[in-house]
file structure_37.cif (mmCIF, C-alpha atoms)
data_coords
#
loop_
_atom_site.label_atom_id
_atom_site.label_comp_id
_atom_site.auth_asym_id
_atom_site.auth_seq_id
_atom_site.Cartn_x
_atom_site.Cartn_y
_atom_site.Cartn_z
CA MET A 22 -7.60 86.47 -86.08
CA LEU A 23 -10.05 89.40 -86.18
CA GLY A 24 -7.56 91.66 -84.45
CA ALA A 25 -6.39 89.13 -81.87
CA THR A 26 -3.26 86.98 -81.74
CA LEU A 27 -4.17 83.30 -81.71
CA LEU A 28 -1.55 80.68 -80.92
CA LEU A 29 -2.23 77.05 -81.77
CA THR A 30 0.04 74.19 -80.74
CA ASP A 31 -0.01 70.41 -80.75
CA ASP A 32 3.49 70.02 -79.31
CA PRO A 33 3.25 67.70 -76.27
CA GLU A 34 5.80 69.76 -74.33
CA ASN A 35 3.83 72.96 -74.87
CA ILE A 36 0.61 71.29 -73.79
CA LYS A 37 2.33 69.87 -70.70
CA ALA A 38 3.66 73.32 -69.82
CA VAL A 39 0.24 74.97 -70.19
CA GLN A 40 -1.68 72.32 -68.29
CA GLU A 41 0.88 71.25 -65.69
CA THR A 42 4.40 72.56 -65.21
CA GLN A 43 3.73 76.25 -65.96
CA PHE A 44 0.00 76.31 -65.37
CA LEU A 45 0.04 79.35 -63.07
CA GLU A 46 1.99 81.37 -65.63
CA VAL A 47 -0.70 80.97 -68.28
CA ALA A 48 -3.51 83.16 -67.01
CA LYS A 49 -7.03 82.90 -68.35
CA SER A 50 -8.04 86.12 -70.09
CA LYS A 51 -11.13 88.18 -69.34
CA GLU A 52 -12.39 87.30 -72.81
CA GLN A 53 -11.98 83.59 -72.15
CA HIS A 54 -13.80 83.91 -68.83
CA GLU A 55 -16.69 85.73 -70.49
CA ILE A 56 -16.95 83.26 -73.37
CA PHE A 57 -17.03 80.19 -71.12
CA LYS A 58 -19.01 81.87 -68.34
CA HIS A 59 -22.24 80.01 -69.00
CA ILE A 60 -20.45 76.67 -68.81
CA LEU A 61 -17.79 77.30 -66.18
CA GLY A 62 -19.13 80.22 -64.17
CA ASP A 63 -16.37 80.99 -61.67
CA ALA A 64 -15.26 77.38 -61.40
CA ILE A 65 -11.61 76.43 -61.09
CA PHE A 66 -11.03 76.36 -64.86
CA ALA A 67 -11.93 80.05 -65.07
CA LEU A 68 -9.78 81.25 -62.17
CA ASN A 69 -6.23 82.50 -61.79
CA GLY A 70 -3.68 82.89 -59.00
CA GLU A 71 -4.79 82.67 -55.38
CA GLU A 72 -8.43 82.05 -56.29
CA TRP A 73 -7.34 79.04 -58.30
CA LYS A 74 -5.22 77.73 -55.40
CA THR A 75 -8.17 78.08 -53.01
CA GLU A 76 -10.43 76.05 -55.29
CA VAL A 77 -7.73 73.40 -55.72
CA GLY A 78 -7.61 73.04 -51.95
CA LEU A 79 -11.35 72.35 -51.88
CA LEU A 80 -11.41 69.93 -54.80
CA ARG A 81 -8.22 67.94 -54.28
CA PRO A 82 -9.33 65.88 -51.23
CA HIS A 83 -12.36 64.63 -53.16
CA MET A 84 -10.54 64.07 -56.44
CA SER A 85 -7.71 62.10 -54.84
CA ARG A 86 -9.67 59.70 -52.63
CA VAL A 87 -11.38 56.46 -53.59
CA ARG A 88 -14.16 55.09 -51.40
CA GLU A 89 -15.53 51.57 -51.38
CA SER A 90 -18.92 52.92 -52.42
CA ASP A 91 -17.31 54.42 -55.54
CA PHE A 92 -16.62 50.91 -56.85
CA GLU A 93 -20.23 49.92 -56.23
CA VAL A 94 -21.50 52.98 -58.08
CA THR A 95 -19.12 52.37 -60.98
CA GLU A 96 -20.09 48.71 -61.26
CA GLN A 97 -23.78 49.60 -61.31
CA HIS A 98 -23.33 51.99 -64.22
CA LEU A 99 -20.88 49.66 -65.98
CA ARG A 100 -23.58 47.01 -66.19
CA HIS A 101 -25.81 49.44 -68.07
CA ALA A 102 -22.90 50.36 -70.34
CA PHE A 103 -22.16 46.71 -71.16
CA ASP A 104 -25.81 46.20 -72.06
CA TYR A 105 -25.57 49.00 -74.62
CA LEU A 106 -22.25 47.78 -76.02
CA ALA A 107 -23.66 44.27 -76.42
CA LYS A 108 -26.35 45.77 -78.66
CA GLY A 109 -23.72 47.31 -80.94
CA ALA A 110 -24.10 50.89 -79.70
CA ASP A 111 -21.47 53.51 -80.51
CA ALA A 112 -18.63 52.86 -78.05
CA PHE A 113 -17.58 56.49 -77.57
CA ASP A 114 -21.15 57.57 -76.89
CA VAL A 115 -21.61 54.81 -74.32
CA ILE A 116 -18.31 55.59 -72.58
CA ASP A 117 -19.16 59.30 -72.49
CA ARG A 118 -22.54 58.59 -70.91
CA LEU A 119 -20.96 56.12 -68.48
CA GLN A 120 -18.48 58.70 -67.23
CA LEU A 121 -21.17 61.35 -66.90
CA ASP A 122 -23.33 59.03 -64.80
CA VAL A 123 -20.47 57.87 -62.57
CA VAL A 124 -18.95 61.31 -62.01
CA THR A 125 -22.23 63.01 -61.15
CA GLU A 126 -23.13 60.34 -58.60
CA VAL A 127 -19.69 60.03 -56.99
CA PHE A 128 -18.91 63.74 -56.69
CA CYS A 129 -22.33 65.37 -56.76
CA GLY A 130 -24.53 62.82 -55.02
CA GLU A 131 -27.01 62.33 -57.87
CA SER A 132 -26.45 60.63 -61.21
CA THR A 133 -27.71 62.01 -64.49
CA ASN A 134 -28.64 58.41 -65.41
CA SER A 135 -28.02 59.08 -69.08
CA LEU A 136 -27.50 55.35 -69.74
CA THR A 137 -30.98 54.46 -68.52
CA SER A 138 -32.89 57.34 -70.07
CA ASN A 139 -33.50 58.33 -73.66
CA GLN A 140 -33.84 61.92 -72.49
CA GLN A 141 -30.41 63.52 -72.07
CA PRO A 142 -31.09 67.28 -72.14
CA PHE A 143 -28.20 68.27 -69.87
CA ARG A 144 -25.59 66.21 -71.71
CA LYS A 145 -26.68 67.46 -75.12
CA ALA A 146 -26.90 71.05 -73.89
CA MET A 147 -23.39 70.93 -72.43
CA ASP A 148 -21.96 69.51 -75.66
CA THR A 149 -23.74 72.23 -77.66
CA LEU A 150 -22.46 75.08 -75.50
CA LEU A 151 -18.91 73.72 -75.47
CA LYS A 152 -18.86 73.72 -79.27
CA ILE A 153 -20.24 77.25 -79.37
CA ALA A 154 -17.72 78.47 -76.78
CA SER A 155 -14.85 76.95 -78.76
CA PHE A 156 -16.09 78.73 -81.89
CA ARG A 157 -16.46 82.04 -80.03
CA GLN A 158 -12.93 81.72 -78.69
CA LEU A 159 -11.56 81.45 -82.22
CA LEU A 160 -13.14 84.83 -82.97
CA GLY A 161 -11.03 86.53 -80.31
CA LYS A 162 -12.51 89.65 -78.72
CA VAL A 163 -15.38 89.59 -81.20
CA GLY A 164 -16.51 86.30 -79.65
CA VAL A 165 -17.24 88.07 -76.36
CA TYR A 166 -20.15 89.91 -77.95
CA ILE A 167 -21.78 86.74 -79.28
CA LYS A 168 -24.02 85.34 -76.56
CA ASP A 169 -24.83 81.70 -75.94
CA ASP A 170 -28.54 82.36 -75.58
CA TRP A 171 -28.58 83.95 -79.04
CA LEU A 172 -27.14 80.88 -80.73
CA ALA A 173 -28.56 78.16 -78.50
CA PRO A 174 -31.38 79.44 -76.27
CA LYS A 175 -32.72 75.93 -75.61
CA ALA A 176 -29.33 74.56 -74.54
CA THR A 177 -28.72 77.59 -72.32
CA LYS A 178 -32.06 77.11 -70.60
CA GLU A 179 -31.43 73.37 -70.14
CA ILE A 180 -28.10 74.05 -68.41
CA ASP A 181 -29.60 76.70 -66.13
CA THR A 182 -32.58 74.52 -65.23
CA TYR A 183 -30.48 71.45 -64.49
CA LEU A 184 -27.99 73.31 -62.28
CA ASP A 185 -30.73 75.20 -60.42
CA ASN A 186 -32.67 71.99 -59.74
CA PHE A 187 -29.50 70.23 -58.68
CA ALA A 188 -28.59 73.01 -56.23
CA ASP A 189 -32.12 72.99 -54.80
CA LYS A 190 -31.97 69.24 -54.14
CA ALA A 191 -28.47 69.40 -52.67
CA PHE A 192 -29.31 72.15 -50.19
CA ALA A 193 -32.60 70.47 -49.27
CA ARG A 194 -30.80 67.17 -48.67
CA ASN A 195 -28.32 68.77 -46.31
CA VAL A 196 -31.05 70.62 -44.40
CA GLN A 197 -32.99 67.38 -43.93
CA GLU A 198 -29.89 65.62 -42.64
CA LYS A 199 -29.32 68.60 -40.31
CA LEU A 200 -25.63 68.52 -41.17
CA THR A 201 -25.06 65.73 -38.66
CA GLN A 202 -23.40 63.26 -41.00
CA ASP A 203 -19.91 63.56 -42.40
CA PRO A 204 -20.04 65.08 -45.89
CA VAL A 205 -19.84 62.29 -48.45
CA THR A 206 -19.65 64.15 -51.73
CA LEU A 207 -17.88 67.26 -52.93
CA VAL A 208 -21.18 69.13 -53.17
CA ASP A 209 -22.19 68.20 -49.60
CA ASP A 210 -18.79 69.33 -48.37
CA LEU A 211 -19.16 72.72 -50.05
CA ILE A 212 -22.61 73.28 -48.58
CA ARG A 213 -21.47 72.40 -45.08
CA LYS A 214 -18.61 74.85 -45.41
CA GLY A 215 -21.10 77.61 -46.11
CA ARG A 216 -20.46 78.02 -49.82
CA SER A 217 -23.13 79.66 -51.97
CA ARG A 218 -25.54 78.15 -54.50
CA GLN A 219 -23.38 79.54 -57.29
CA ASP A 220 -20.31 77.85 -55.79
CA VAL A 221 -22.18 74.54 -55.81
CA LYS A 222 -23.23 75.02 -59.44
CA ASN A 223 -19.66 75.95 -60.37
CA ALA A 224 -18.38 72.80 -58.67
CA VAL A 225 -20.79 70.63 -60.63
CA THR A 226 -19.66 71.96 -64.01
CA ALA A 227 -15.99 71.84 -62.99
CA THR A 228 -16.34 68.24 -61.83
CA LEU A 229 -18.04 67.22 -65.05
CA LEU A 230 -15.34 68.73 -67.24
CA ALA A 231 -12.44 67.46 -65.12
CA GLY A 232 -13.84 64.03 -64.37
CA LYS A 233 -15.69 63.18 -67.57
CA ASP A 234 -14.08 64.40 -70.78
CA PRO A 235 -10.40 63.44 -70.20
CA THR A 236 -11.32 59.99 -68.89
CA THR A 237 -13.84 59.44 -71.67
CA THR A 238 -11.21 60.21 -74.30
CA ALA A 239 -8.62 57.96 -72.64
CA MET A 240 -11.07 55.06 -72.25
CA ALA A 241 -12.32 55.38 -75.82
CA TRP A 242 -8.77 55.35 -77.15
CA ALA A 243 -7.90 52.30 -75.03
CA TYR A 244 -11.06 50.56 -76.25
CA TYR A 245 -10.06 51.30 -79.84
CA GLU A 246 -6.51 50.02 -79.40
CA ILE A 247 -7.66 46.83 -77.68
CA ALA A 248 -10.08 46.20 -80.53
CA ARG A 249 -7.17 46.53 -82.99
CA HIS A 250 -5.06 44.05 -81.03
CA PRO A 251 -7.16 41.01 -80.07
CA GLU A 252 -4.07 39.21 -78.77
CA VAL A 253 -3.75 41.89 -76.09
CA PHE A 254 -7.40 41.44 -75.16
CA THR A 255 -6.86 37.68 -74.85
CA LYS A 256 -3.91 38.29 -72.53
CA MET A 257 -5.95 40.74 -70.43
CA LYS A 258 -8.76 38.21 -69.99
CA ALA A 259 -6.26 35.55 -68.94
CA GLU A 260 -4.78 37.87 -66.29
CA VAL A 261 -8.23 38.63 -64.89
CA LYS A 262 -9.04 34.93 -64.58
CA GLU A 263 -5.81 34.18 -62.69
#
call {"tool": "encode", "arguments": {"input": "structure_37.cif", "output": "structure tokens"}}
result
Amino acid sequence: MLGATLLLTDDPENIKAVQETQFLEVAKSKEQHEIFKHILGDAIFALNGEEWKTEVGLLRPHMSRVRESDFEVTEQHLRHAFDYLAKGADAFDVIDRLQLDVVTEVFCGESTNSLTSNQQPFRKAMDTLLKIASFRQLLGKVGVYIKDDWLAPKATKEIDTYLDNFADKAFARNVQEKLTQDPVTLVDDLIRKGRSRQDVKNAVTATLLAGKDPTTTAMAWAYYEIARHPEVFTKMKAEVKE
């Protein structure tokens, strides 16, 4: 397409190879890095080789552990989600907002609170830039020369403002605590290991993409299937009551 070779696949084995078994053999191109730069920065999804392995080492301990407080945070946001669902709100939208709120609080220390606010500039801006980046990628090398702030200046500014404000609060929080407490979140851990503001911002976007979108899709699909099979839902309720 436009002078570039574009390979599309929906074969499960190919997808598994790219995302899991042969992940390190499928390097991200310079064009891909440039196109997704405003969303990913130099986060793990934009890295290759040893840099990727280093970031995995930082993220894995936080991604693989479950703390008691995580359940409390999740329950708090679930209550807001159930309130919306009871009013007949769009299920996918509610689940997406739920995941965003939970992930940002658990891993970043501060929730976006999209379920309790009608103002969702960051969420909308991220969705906008992801769509633009996907379109630019389809254009191959030509897409590199199309800038996000040309097509969506407001969304670009919203992302920059949110991440800058978040980094400011995170560094201020750690200075106030004088680094005496054990790091609770991924962001706190990065700061206490001397990582830069840009590293913190990269971690936020990486966490959102890794922790929100896949889970949102899986939960929405499960919700849909359960709705199609009420007998399964009845069985699930019975098991919970036992």
call {"tool": "residues_around", "arguments": {"input": "structure_37.cif", "residues": "A:Arg144", "least_positions_apart": "5", "cutoff": "10 Å", "atoms": "all atoms listed in the file", "output": "VMD selection string"}}
result
chain A and resid 117 to 118 121 133 135 149 176 179 to 180
call {"tool": "residues_around", "arguments": {"input": "structure_37.cif", "residues": "A:Lys49", "least_positions_apart": "5", "cutoff": "10 Å", "atoms": "all atoms listed in the file", "output": "ChimeraX atom specification"}}
result
/A:54,66-70
call {"tool": "closest_residue", "arguments": {"input": "structure_37.cif", "among": "A:Glu34, A:Glu46, A:Glu55, A:Asp122", "to": "A:Thr228", "atoms": "all atoms listed in the file"}}
result
A:Asp122
call {"tool": "resolve_selection", "arguments": {"input": "structure_37.cif", "expression": "the PyMOL selection byres ((chain A and resi 234) around 12)", "output": "PDB file with C-alpha atoms, keeping the file's coordinate frame"}}
result
ATOM      1  CA  PHE A 113     -17.580  56.490 -77.570  1.00  0.00           C
ATOM      2  CA  ASP A 114     -21.150  57.570 -76.890  1.00  0.00           C
ATOM      3  CA  ILE A 116     -18.310  55.590 -72.580  1.00  0.00           C
ATOM      4  CA  ASP A 117     -19.160  59.300 -72.490  1.00  0.00           C
ATOM      5  CA  ARG A 118     -22.540  58.590 -70.910  1.00  0.00           C
ATOM      6  CA  LEU A 119     -20.960  56.120 -68.480  1.00  0.00           C
ATOM      7  CA  GLN A 120     -18.480  58.700 -67.230  1.00  0.00           C
ATOM      8  CA  LEU A 121     -21.170  61.350 -66.900  1.00  0.00           C
ATOM      9  CA  VAL A 124     -18.950  61.310 -62.010  1.00  0.00           C
ATOM     10  CA  ARG A 144     -25.590  66.210 -71.710  1.00  0.00           C
ATOM     11  CA  MET A 147     -23.390  70.930 -72.430  1.00  0.00           C
ATOM     12  CA  ASP A 148     -21.960  69.510 -75.660  1.00  0.00           C
ATOM     13  CA  LEU A 151     -18.910  73.720 -75.470  1.00  0.00           C
ATOM     14  CA  THR A 226     -19.660  71.960 -64.010  1.00  0.00           C
ATOM     15  CA  ALA A 227     -15.990  71.840 -62.990  1.00  0.00           C
ATOM     16  CA  THR A 228     -16.340  68.240 -61.830  1.00  0.00           C
ATOM     17  CA  LEU A 229     -18.040  67.220 -65.050  1.00  0.00           C
ATOM     18  CA  LEU A 230     -15.340  68.730 -67.240  1.00  0.00           C
ATOM     19  CA  ALA A 231     -12.440  67.460 -65.120  1.00  0.00           C
ATOM     20  CA  GLY A 232     -13.840  64.030 -64.370  1.00  0.00           C
ATOM     21  CA  LYS A 233     -15.690  63.180 -67.570  1.00  0.00           C
ATOM     22  CA  PRO A 235     -10.400  63.440 -70.200  1.00  0.00           C
ATOM     23  CA  THR A 236     -11.320  59.990 -68.890  1.00  0.00           C
ATOM     24  CA  THR A 237     -13.840  59.440 -71.670  1.00  0.00           C
ATOM     25  CA  THR A 238     -11.210  60.210 -74.300  1.00  0.00           C
ATOM     26  CA  ALA A 239      -8.620  57.960 -72.640  1.00  0.00           C
ATOM     27  CA  MET A 240     -11.070  55.060 -72.250  1.00  0.00           C
ATOM     28  CA  ALA A 241     -12.320  55.380 -75.820  1.00  0.00           C
TER      29      ALA A 241
END
call {"tool": "closest_residue", "arguments": {"input": "structure_37.cif", "among": "A:Ala146, A:Val205, A:Val163, A:Ile247", "to": "A:Ile60", "atoms": "all atoms listed in the file"}}
result
A:Ala146
call {"tool": "resolve_selection", "arguments": {"input": "structure_37.cif", "expression": "the PyMOL selection byres ((chain A and resi 57) around 10)", "output": "list in words"}}
result
Glu52, Gln53, His54, Glu55, Ile56, Lys58, His59, Ile60, Leu61, Gly62, Asp63, Phe66, Ala67, Leu150, Leu151, Ile153, Ala154, Ser155, Arg157, Gln158, Val165 and Asp169 of chain A
call {"tool": "axis_aligned_box", "arguments": {"input": "structure_37.cif", "around": "stretch 95-101 of chain A", "padding_each_side": "3 Å", "output": "JSON"}}
result
{"center_x": -22.5, "center_y": 49.7, "center_z": -64.5, "size_x": 12.7, "size_y": 11.4, "size_z": 13.1}
call {"tool": "residues_around", "arguments": {"input": "structure_37.cif", "residues": "stretch 129-132 of chain A", "least_positions_apart": "6", "cutoff": "10 Å", "atoms": "all atoms listed in the file", "output": "compact mmCIF listing (two decimals) with C-alpha atoms, keeping the file's coordinate frame"}}
result
# COMPACT_ATOMS: atom_id res chain seq x y z
CA VAL A 94 -21.50 52.98 -58.08
CA HIS A 98 -23.33 51.99 -64.22
CA LEU A 121 -21.17 61.35 -66.90
CA ASP A 122 -23.33 59.03 -64.80
CA VAL A 123 -20.47 57.87 -62.57
CA PHE A 187 -29.50 70.23 -58.68
CA ALA A 188 -28.59 73.01 -56.23
CA LYS A 190 -31.97 69.24 -54.14
CA ALA A 191 -28.47 69.40 -52.67
CA ARG A 194 -30.80 67.17 -48.67
CA VAL A 205 -19.84 62.29 -48.45
CA THR A 206 -19.65 64.15 -51.73
CA LEU A 207 -17.88 67.26 -52.93
CA VAL A 208 -21.18 69.13 -53.17
CA ASP A 209 -22.19 68.20 -49.60
CA ASP A 210 -18.79 69.33 -48.37
CA VAL A 221 -22.18 74.54 -55.81
CA ALA A 224 -18.38 72.80 -58.67
CA VAL A 225 -20.79 70.63 -60.63
CA THR A 228 -16.34 68.24 -61.83
CA LEU A 229 -18.04 67.22 -65.05
call {"tool": "atom_distance", "arguments": {"input": "structure_37.cif", "atom1": "atom CA of A:Ile65", "atom2": "atom CA of A:Phe44"}}
result
12.4 Å
call {"tool": "atom_distance", "arguments": {"input": "structure_37.cif", "atom1": "atom CA of A:Val39", "atom2": "atom CA of A:Lys74"}}
result
16.0 Å
call {"tool": "closest_residue", "arguments": {"input": "structure_37.cif", "among": "A:Phe254, A:Asn186, A:Asn35, A:Ala112", "to": "A:Val47", "atoms": "all atoms listed in the file"}}
result
A:Asn35
call {"tool": "resolve_selection", "arguments": {"input": "structure_37.cif", "expression": "the PyMOL selection byres ((chain A and resi 83) around 10)", "output": "PDB file with C-alpha atoms, in the frame of the given file"}}
result
ATOM      1  CA  GLY A  78      -7.610  73.040 -51.950  1.00  0.00           C
ATOM      2  CA  LEU A  79     -11.350  72.350 -51.880  1.00  0.00           C
ATOM      3  CA  LEU A  80     -11.410  69.930 -54.800  1.00  0.00           C
ATOM      4  CA  ARG A  81      -8.220  67.940 -54.280  1.00  0.00           C
ATOM      5  CA  PRO A  82      -9.330  65.880 -51.230  1.00  0.00           C
ATOM      6  CA  MET A  84     -10.540  64.070 -56.440  1.00  0.00           C
ATOM      7  CA  SER A  85      -7.710  62.100 -54.840  1.00  0.00           C
ATOM      8  CA  ARG A  86      -9.670  59.700 -52.630  1.00  0.00           C
ATOM      9  CA  VAL A  87     -11.380  56.460 -53.590  1.00  0.00           C
ATOM     10  CA  ARG A  88     -14.160  55.090 -51.400  1.00  0.00           C
ATOM     11  CA  VAL A 127     -19.690  60.030 -56.990  1.00  0.00           C
ATOM     12  CA  PHE A 128     -18.910  63.740 -56.690  1.00  0.00           C
ATOM     13  CA  VAL A 205     -19.840  62.290 -48.450  1.00  0.00           C
ATOM     14  CA  THR A 206     -19.650  64.150 -51.730  1.00  0.00           C
ATOM     15  CA  LEU A 207     -17.880  67.260 -52.930  1.00  0.00           C
ATOM     16  CA  VAL A 208     -21.180  69.130 -53.170  1.00  0.00           C
ATOM     17  CA  ASP A 210     -18.790  69.330 -48.370  1.00  0.00           C
TER      18      ASP A 210
END
call {"tool": "closest_residue", "arguments": {"input": "structure_37.cif", "among": "A:Leu136, A:Lys145, A:Gln97, A:Ala48", "to": "A:Val115", "atoms": "only C-alpha atoms"}}
result
A:Leu136
call {"tool": "atom_distance", "arguments": {"input": "structure_37.cif", "atom1": "atom CA of A:Phe143", "atom2": "atom CA of A:Val77"}}
result
25.4 Å
call {"tool": "closest_residue", "arguments": {"input": "structure_37.cif", "among": "A:Ile167, A:Leu184, A:Leu99, A:Leu29", "to": "A:Thr137", "atoms": "only C-alpha atoms"}}
result
A:Leu99
call {"tool": "closest_residue", "arguments": {"input": "structure_37.cif", "among": "A:Thr125, A:Glu71, A:Ser138, A:Met257", "to": "A:Tyr105", "atoms": "all atoms listed in the file"}}
result
A:Ser138
call {"tool": "build_atoms", "arguments": {"input": "structure_37.cif", "residues": "stretch 91-100 of chain A", "atoms": "all heavy atoms", "output": "JSON list (two decimals), in the frame of the given file"}}
result
[["chain", "number", "residue", "atom", "x", "y", "z"],
["A", 91, "ASP", "N", -17.57, 53.98, -54.17],
["A", 91, "ASP", "CA", -17.31, 54.42, -55.54],
["A", 91, "ASP", "C", -17.26, 53.22, -56.49],
["A", 91, "ASP", "O", -17.70, 53.31, -57.64],
["A", 91, "ASP", "CB", -16.00, 55.19, -55.62],
["A", 91, "ASP", "CG", -16.05, 56.51, -54.85],
["A", 91, "ASP", "OD1", -17.16, 56.96, -54.54],
["A", 91, "ASP", "OD2", -14.97, 57.06, -54.55],
["A", 92, "PHE", "N", -16.69, 52.12, -56.01],
["A", 92, "PHE", "CA", -16.62, 50.91, -56.85],
["A", 92, "PHE", "C", -18.02, 50.36, -57.10],
["A", 92, "PHE", "O", -18.32, 49.88, -58.20],
["A", 92, "PHE", "CB", -15.75, 49.85, -56.17],
["A", 92, "PHE", "CG", -14.30, 50.21, -56.09],
["A", 92, "PHE", "CD1", -13.73, 50.63, -54.90],
["A", 92, "PHE", "CD2", -13.49, 50.16, -57.22],
["A", 92, "PHE", "CE1", -12.39, 50.97, -54.82],
["A", 92, "PHE", "CE2", -12.14, 50.49, -57.16],
["A", 92, "PHE", "CZ", -11.60, 50.90, -55.95],
["A", 93, "GLU", "N", -18.86, 50.42, -56.08],
["A", 93, "GLU", "CA", -20.23, 49.92, -56.23],
["A", 93, "GLU", "C", -21.00, 50.76, -57.24],
["A", 93, "GLU", "O", -21.74, 50.23, -58.08],
["A", 93, "GLU", "CB", -20.92, 49.94, -54.87],
["A", 93, "GLU", "CG", -20.28, 49.02, -53.83],
["A", 93, "GLU", "CD", -20.87, 49.20, -52.45],
["A", 93, "GLU", "OE1", -21.78, 50.07, -52.30],
["A", 93, "GLU", "OE2", -20.44, 48.50, -51.52],
["A", 94, "VAL", "N", -20.83, 52.08, -57.14],
["A", 94, "VAL", "CA", -21.50, 52.98, -58.08],
["A", 94, "VAL", "C", -21.02, 52.72, -59.50],
["A", 94, "VAL", "O", -21.81, 52.62, -60.44],
["A", 94, "VAL", "CB", -21.23, 54.45, -57.69],
["A", 94, "VAL", "CG1", -21.66, 55.40, -58.81],
["A", 94, "VAL", "CG2", -21.97, 54.80, -56.40],
["A", 95, "THR", "N", -19.70, 52.60, -59.65],
["A", 95, "THR", "CA", -19.12, 52.37, -60.98],
["A", 95, "THR", "C", -19.61, 51.06, -61.58],
["A", 95, "THR", "O", -19.97, 51.00, -62.76],
["A", 95, "THR", "CB", -17.58, 52.37, -60.90],
["A", 95, "THR", "OG1", -17.13, 53.61, -60.35],
["A", 95, "THR", "CG2", -16.97, 52.19, -62.28],
["A", 96, "GLU", "N", -19.64, 50.02, -60.76],
["A", 96, "GLU", "CA", -20.09, 48.71, -61.26],
["A", 96, "GLU", "C", -21.55, 48.78, -61.72],
["A", 96, "GLU", "O", -21.91, 48.21, -62.75],
["A", 96, "GLU", "CB", -19.94, 47.65, -60.18],
["A", 96, "GLU", "CG", -20.37, 46.26, -60.65],
["A", 96, "GLU", "CD", -20.17, 45.19, -59.60],
["A", 96, "GLU", "OE1", -19.69, 45.52, -58.50],
["A", 96, "GLU", "OE2", -20.49, 44.02, -59.88],
["A", 97, "GLN", "N", -22.36, 49.47, -60.95],
["A", 97, "GLN", "CA", -23.78, 49.60, -61.31],
["A", 97, "GLN", "C", -23.94, 50.23, -62.69],
["A", 97, "GLN", "O", -24.71, 49.74, -63.53],
["A", 97, "GLN", "CB", -24.48, 50.46, -60.25],
["A", 97, "GLN", "CG", -25.93, 50.79, -60.60],
["A", 97, "GLN", "CD", -26.51, 51.81, -59.65],
["A", 97, "GLN", "OE1", -25.98, 52.06, -58.57],
["A", 97, "GLN", "NE2", -27.61, 52.43, -60.05],
["A", 98, "HIS", "N", -23.21, 51.31, -62.93],
["A", 98, "HIS", "CA", -23.33, 51.99, -64.22],
["A", 98, "HIS", "C", -22.63, 51.21, -65.34],
["A", 98, "HIS", "O", -23.03, 51.28, -66.50],
["A", 98, "HIS", "CB", -22.78, 53.41, -64.11],
["A", 98, "HIS", "CG", -23.60, 54.30, -63.22],
["A", 98, "HIS", "ND1", -24.90, 54.65, -63.51],
["A", 98, "HIS", "CD2", -23.31, 54.89, -62.03],
["A", 98, "HIS", "CE1", -25.37, 55.43, -62.55],
["A", 98, "HIS", "NE2", -24.43, 55.58, -61.64],
["A", 99, "LEU", "N", -21.57, 50.48, -64.98],
["A", 99, "LEU", "CA", -20.88, 49.66, -65.98],
["A", 99, "LEU", "C", -21.81, 48.59, -66.56],
["A", 99, "LEU", "O", -21.74, 48.28, -67.75],
["A", 99, "LEU", "CB", -19.66, 48.99, -65.35],
["A", 99, "LEU", "CG", -18.32, 49.73, -65.47],
["A", 99, "LEU", "CD1", -17.26, 49.02, -64.66],
["A", 99, "LEU", "CD2", -17.89, 49.86, -66.93],
["A", 100, "ARG", "N", -22.65, 48.04, -65.72],
["A", 100, "ARG", "CA", -23.58, 47.01, -66.19],
["A", 100, "ARG", "C", -24.50, 47.57, -67.27],
["A", 100, "ARG", "O", -24.79, 46.91, -68.28],
["A", 100, "ARG", "CB", -24.39, 46.46, -65.02],
["A", 100, "ARG", "CG", -23.57, 45.64, -64.03],
["A", 100, "ARG", "CD", -24.43, 45.09, -62.90],
["A", 100, "ARG", "NE", -23.64, 44.38, -61.92],
["A", 100, "ARG", "CZ", -23.24, 43.12, -62.05],
["A", 100, "ARG", "NH1", -23.59, 42.43, -63.13],
["A", 100, "ARG", "NH2", -22.52, 42.53, -61.11]]
